[in-house]
Structure formats: structure tokens, C-alpha cells
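Note sheet for the following structure.
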Number of protein chains: 2
Amino acid sequence: MGADEAWARKIRHLLAESEVTLLNLIGAPGSGKTTLLEKTASRLGRRLRFAVLEGDVETTIDAERMRAVGVRVSQLLTGGACHLPARLVHRGLAGLPLTELDMVIVENVGNLICPAEFDIGEKAKVAVLSVAEGDEKPLKYPALFREASAVVLTKTDLLPYVQFDVAACLRHLRRIQPEISVFQVSAKDGAGLEDWVAWVSRQHPGKRPGQG
Amino acid sequence: MGADEAWARKIRHLLAESEVTLLNLIGAPGSGKTTLLEKTASRLGRRLRFAVLEGDVETTIDAERMRAVGVRVSQLLTGGACHLPARLVHRGLAGLPLTELDMVIVENVGNLICPAEFDIGEKAKVAVLSVAEGDEKPLKYPALFREASAVVLTKTDLLPYVQFDVAACLRHLRRIQPEISVFQVSAKDGAGLEDWVAWVSRQHPGKRPGQG
């Protein structure tokens, strides 16, 4: 067992102990991961207690954006690496008050390739793809879409202005993985957010005493 | 000297011998690299003889797009790797009729992180950033913008519909690298393409006998 796998196992142990569900959000730079989390925050906060681990190569810009919408957040900097290693995620989790949480959402480093290959002990990987990126991306970067439990198509408000065939994209996704959940979301006008948040909250198996 | 550096040196030797200039185009998935090359093709083809090396994780979609606009192209597949290694670029170059060319443009794998770190013997790295990605990207992924000789801001036709502060982005870029060349381009309406193509053709130092 490699060091990465050992750390992922430690994370699973930590999560099981504290009954916390971990989601791993993966997408290209600028696919809209942080904005999606900003818009998810208040809706999800009404259903469960969650925190965010922000993975970045450099800067704390995204963590500050999370804090500004009242989300408990921890910034993880990879110092150049193109994905979050499980060791770093474990350190981030250990710094959170896990007994007071139901869920932790990791925003991985902006990258469609590297983060897909690494297990960080998550319950589910979620692929984030903006309609500005092109409908053929699932074919060109299949590893992530093979691993992901759900795909969020973001920035759907841009559909009138870009060449993106939603039906073709869905066909590509379903060919890679017939059962994949797909959410079409616009953070700008709020479309699709409720369905997405409902899916997220369903990933957490149950509520603990004290939770409404 | 590592194996990568040795291959980069071999590439430089090959290029010098055949008087070919190599450019390395780097940007996130969906930043518009292939579309930029499609629109660059006919304009650049009037000034010099060039070919494209398409770097992808999987599929030959981008190479087919290049062929469709009459560009001589070779597809390099990394089989999962997040950047083109110099060894693979050397193989691609060796398969081209270099004595009949002035320039080879590499479209690297869609990724803002990994390709920035690898020397493939290029004369210049060019960063491609779409305005749909966000104006703070140079701060979050500084390695590429530190290495790049030029930046192409693509999809400027989307500016009315996205939150992207061009002046802020230029400030970030100039803080990282005061002398960097920036081109604001819309492949859709053609804006900025002439300046960009003029810069590309200036990267090739001279014409050989027989060229107009």
C-alpha cells in the first residue's frame, strides 16, 4: 500500500469516527467551483452543518470568498502540485471541528486531469464543467468523468453565447458512465441550484441527535 | 542533466538545424486554444509555413479540427499524463517535414499547472486564458504567467456576460511580469487576431530563400 493510499485510509477512519461525509469537487480553472460553493452555502447550511477545504496552488483568494459568505473554511496550498494529496487533506480535516460537522466539501486544485487519479477518502467525486469549456470535454478528459458520481454543468446562462450542445455533452457523459447524475446550474440566475443542493445533502446518510 | 532536459536539448538542436521556431501554447481545458489556432491558421499561413503538434490526454478531436482548416498536424497522446514531455514532442517533430517548415506550434494538454514547468525546447511559451475563467487566474496559477512571453485573453465577445475585469487582469499580469505581451482576442468576431498573428510571425527570425 502506497503512502497516498495509507493517508486516504486514515481519512476514511477519521470521517467514520466523526460521522462526516467528504465530497471532492474537481474541475478546470475557471469552471466555477468556488462560485458554485458560494451559491450552495446558504441553501446547504439550512440542511446540514458543513465546512470547505480550499485547495490551491497559491493564494487564499478562494478561502476568503468562502469566509465572506459565512462558510467555515480551511485553505490548503499545494505549493505547485497539480492536485491535493491525501496527506494534505488529512491535515486540513484534523484542523476542523469534525464533531460539529456533517459534511466537508473539498474544492480541489483547478485541473481536469491530476485530481481525478487520487483517492482522498471522499464519498463521491463531483466533476464541474462550465458550458464555456466545450461539450466534448468528457471525451477529452474521460478519467474524471469515469470516476465522478455527479457532474455539474455550470454557467448555463452563457448557453446563448457559446457553442455548447447540451444534448451532445449528456450523450458523451452517459456513454462514459450511464448512471451519472447531471445538474445544469446557473449561479447567476439560480437555475438548477435546488436540485444540486438536494443531491449534495442526500450524500450524508443521516442526521445526528440535535439536528433538526 | 535529467532525461527531460536532455530531450529538450535534442529538440533545440533539431530546430536549429532546420531553422524552425517552436511555440508552446498552454491554457486550461476550454480556454480556446484549438479555436485560436483554427482562426490563426489562414492568416499565419500567408506569412510562413507552419505545422501544429496537438497534445491531448485522449482522442484526436483537436487534430481533426486542425486538418479541417488545412493545417498540417500531428497528434501526440500522453495516455493520462498532464503535460507533453519533451521526449514526445521530439518524436512529433521528427515525424514532420521540418525542412519545409518555418514554425511548429505545440498545443499542450489542457492544464494551467503542469505544462508550465516543462521545457520542450520552445522559443516562447504562450498562455491562453479565456475571459470566462476569471480575472484572478494569473494570481492563482502564477507559474505559467511567469514563464510565458505572451498571454492571449480569449472569448472577449463574452465580456458583457461574465464577471471579468480586464484592467484588473492586466494589473495582475504586469505585476508578475512587467514586459509581457497581452492580446485580447475574439475568435468569434475576429477582434485582435491580426495583432496576435503579427506577434506569432515575428517569433520566427527570418525567411529562407524561396519564401516570398
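The way I read the labels, and the way they are meant: chains A, B, ... in the order of the C-alpha cells, residue 1 as the first residue of every chain, and ligand 1 as the first ligand shown, with later ones counted on from there.
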- Message: Give me, as a PyMOL selection string, the residues of chain B that a backbone DSSP run labels alpha helix (DSSP H).
- Response: chain B and resi 3-18+33-45+61-68+86-94+137-140+142-147+166-176+193-202
Based on only C-alpha atoms, which of the residues in chain A come within 10 Å of chain B? I want them as a compact mmCIF listing (two decimals) with C-alpha atoms, in the first residue's frame.
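out08.txt was written with the following content:
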# COMPACT_ATOMS: atom_id res chain seq x y z
CA GLY A 27 -12.93 20.94 -12.40
CA ALA A 28 -10.74 23.08 -14.65
CA PRO A 29 -9.55 26.55 -13.57
CA GLY A 30 -12.46 28.90 -14.04
CA SER A 31 -15.09 26.17 -14.29
CA GLY A 32 -16.99 27.90 -11.48
CA ASP A 56 -5.00 25.90 -4.43
CA VAL A 57 -1.52 26.13 -5.87
CA GLU A 58 -1.14 29.63 -4.43
CA THR A 59 -3.15 32.47 -2.81
CA THR A 60 -6.02 32.41 -0.31
CA ILE A 61 -8.48 34.16 -2.65
CA ASP A 62 -10.98 31.28 -2.67
CA GLY A 80 2.95 23.99 -7.11
CA ALA A 81 1.47 20.47 -7.12
CA CYS A 82 -1.44 19.95 -9.52
CA HIS A 83 -3.75 18.12 -7.07
CA VAL A 109 -6.94 22.41 -7.38
CA GLY A 110 -8.24 23.73 -10.73
CA ASN A 111 -7.33 20.85 -13.01
CA LEU A 112 -9.29 18.29 -15.07
CA ILE A 113 -6.53 15.68 -15.06
CA CYS A 114 -4.41 15.13 -11.94
CA GLU A 117 -6.42 9.96 -10.14
CA LEU A 129 -17.70 21.66 -16.18
CA SER A 130 -18.61 25.09 -17.48
CA VAL A 131 -20.55 25.42 -20.75
CA ALA A 132 -17.85 27.90 -21.83
CA GLU A 133 -15.38 24.99 -21.96
CA GLY A 134 -16.98 22.94 -24.74
CA ASP A 135 -19.29 19.91 -24.93
CA GLU A 136 -16.52 17.50 -25.99
CA LYS A 137 -14.57 17.77 -22.73
CA LEU A 139 -14.34 12.69 -24.27
CA LYS A 140 -11.03 14.52 -24.00
CA TYR A 141 -10.64 14.10 -20.22
CA PRO A 142 -12.51 10.84 -19.55
CA ALA A 143 -10.71 9.81 -16.34
CA LYS A 155 -22.72 28.87 -16.31
CA ASP A 157 -26.75 31.37 -18.55
CA LEU A 158 -23.93 31.59 -21.15
CA TYR A 161 -23.47 32.98 -26.40
CA VAL A 162 -21.25 29.88 -26.67
CA LYS A 188 -26.06 33.83 -11.90
Pick from A:Leu173, A:Ser201, A:Glu122, A:Thr154: nearest to Arg12 (chain A), with only C-alpha atoms counted?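 Closest to Arg12 (chain A) of all the choices is A:Glu122.
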Open item on the list: Can you tell me, as number ranges by chain, which residues in region 12-209 of chain B count as strand (DSSP E) by DSSP?
Closed with: B: 21-27, 50-56, 72-77, 103-107, 124-130, 150-154, 181-184
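Taking only C-alpha atoms, the non-local environment of Leu44 (chain B) within 7 Å (same-chain residues fewer than 4 positions away omitted) comprises Thr40, Leu48, Val197 and Ser201 of chain B.
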Dump N, CA and C atoms for the selected residues as a PDB file, in the first residue's frame?
ATOM      1  N   THR B  40      -6.113  31.297 -36.396  1.00  0.00           N
ATOM      2  CA  THR B  40      -4.769  31.771 -36.704  1.00  0.00           C
ATOM      3  C   THR B  40      -4.292  31.207 -38.044  1.00  0.00           C
ATOM      4  N   LEU B  48       4.030  32.520 -43.164  1.00  0.00           N
ATOM      5  CA  LEU B  48       5.069  31.493 -43.038  1.00  0.00           C
ATOM      6  C   LEU B  48       4.467  30.101 -43.101  1.00  0.00           C
ATOM      7  N   VAL B 197      -1.455  37.419 -34.654  1.00  0.00           N
ATOM      8  CA  VAL B 197      -0.760  36.701 -35.731  1.00  0.00           C
ATOM      9  C   VAL B 197       0.546  37.424 -36.085  1.00  0.00           C
ATOM     10  N   SER B 201       4.213  35.657 -36.006  1.00  0.00           N
ATOM     11  CA  SER B 201       5.129  35.568 -37.151  1.00  0.00           C
ATOM     12  C   SER B 201       6.464  36.251 -36.834  1.00  0.00           C
TER      13      SER B 201
END
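Nearest residue to Phe118 (chain A), choosing from A:Ala150, A:Ala86, A:Leu37, A:Val200 and counting only C-alpha atoms: A:Ala86.
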Ala167 (chain A) proximity check over A:Gly192, A:Asn108, A:Arg202, A:Val182, using only C-alpha atoms: winner is A:Val182
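Ranking B:Thr35, B:Ser74, B:Gln184, B:Ser42 by their shortest atom-to-atom distance to His90 (chain B), with only C-alpha atoms included, puts B:Ser74 first.
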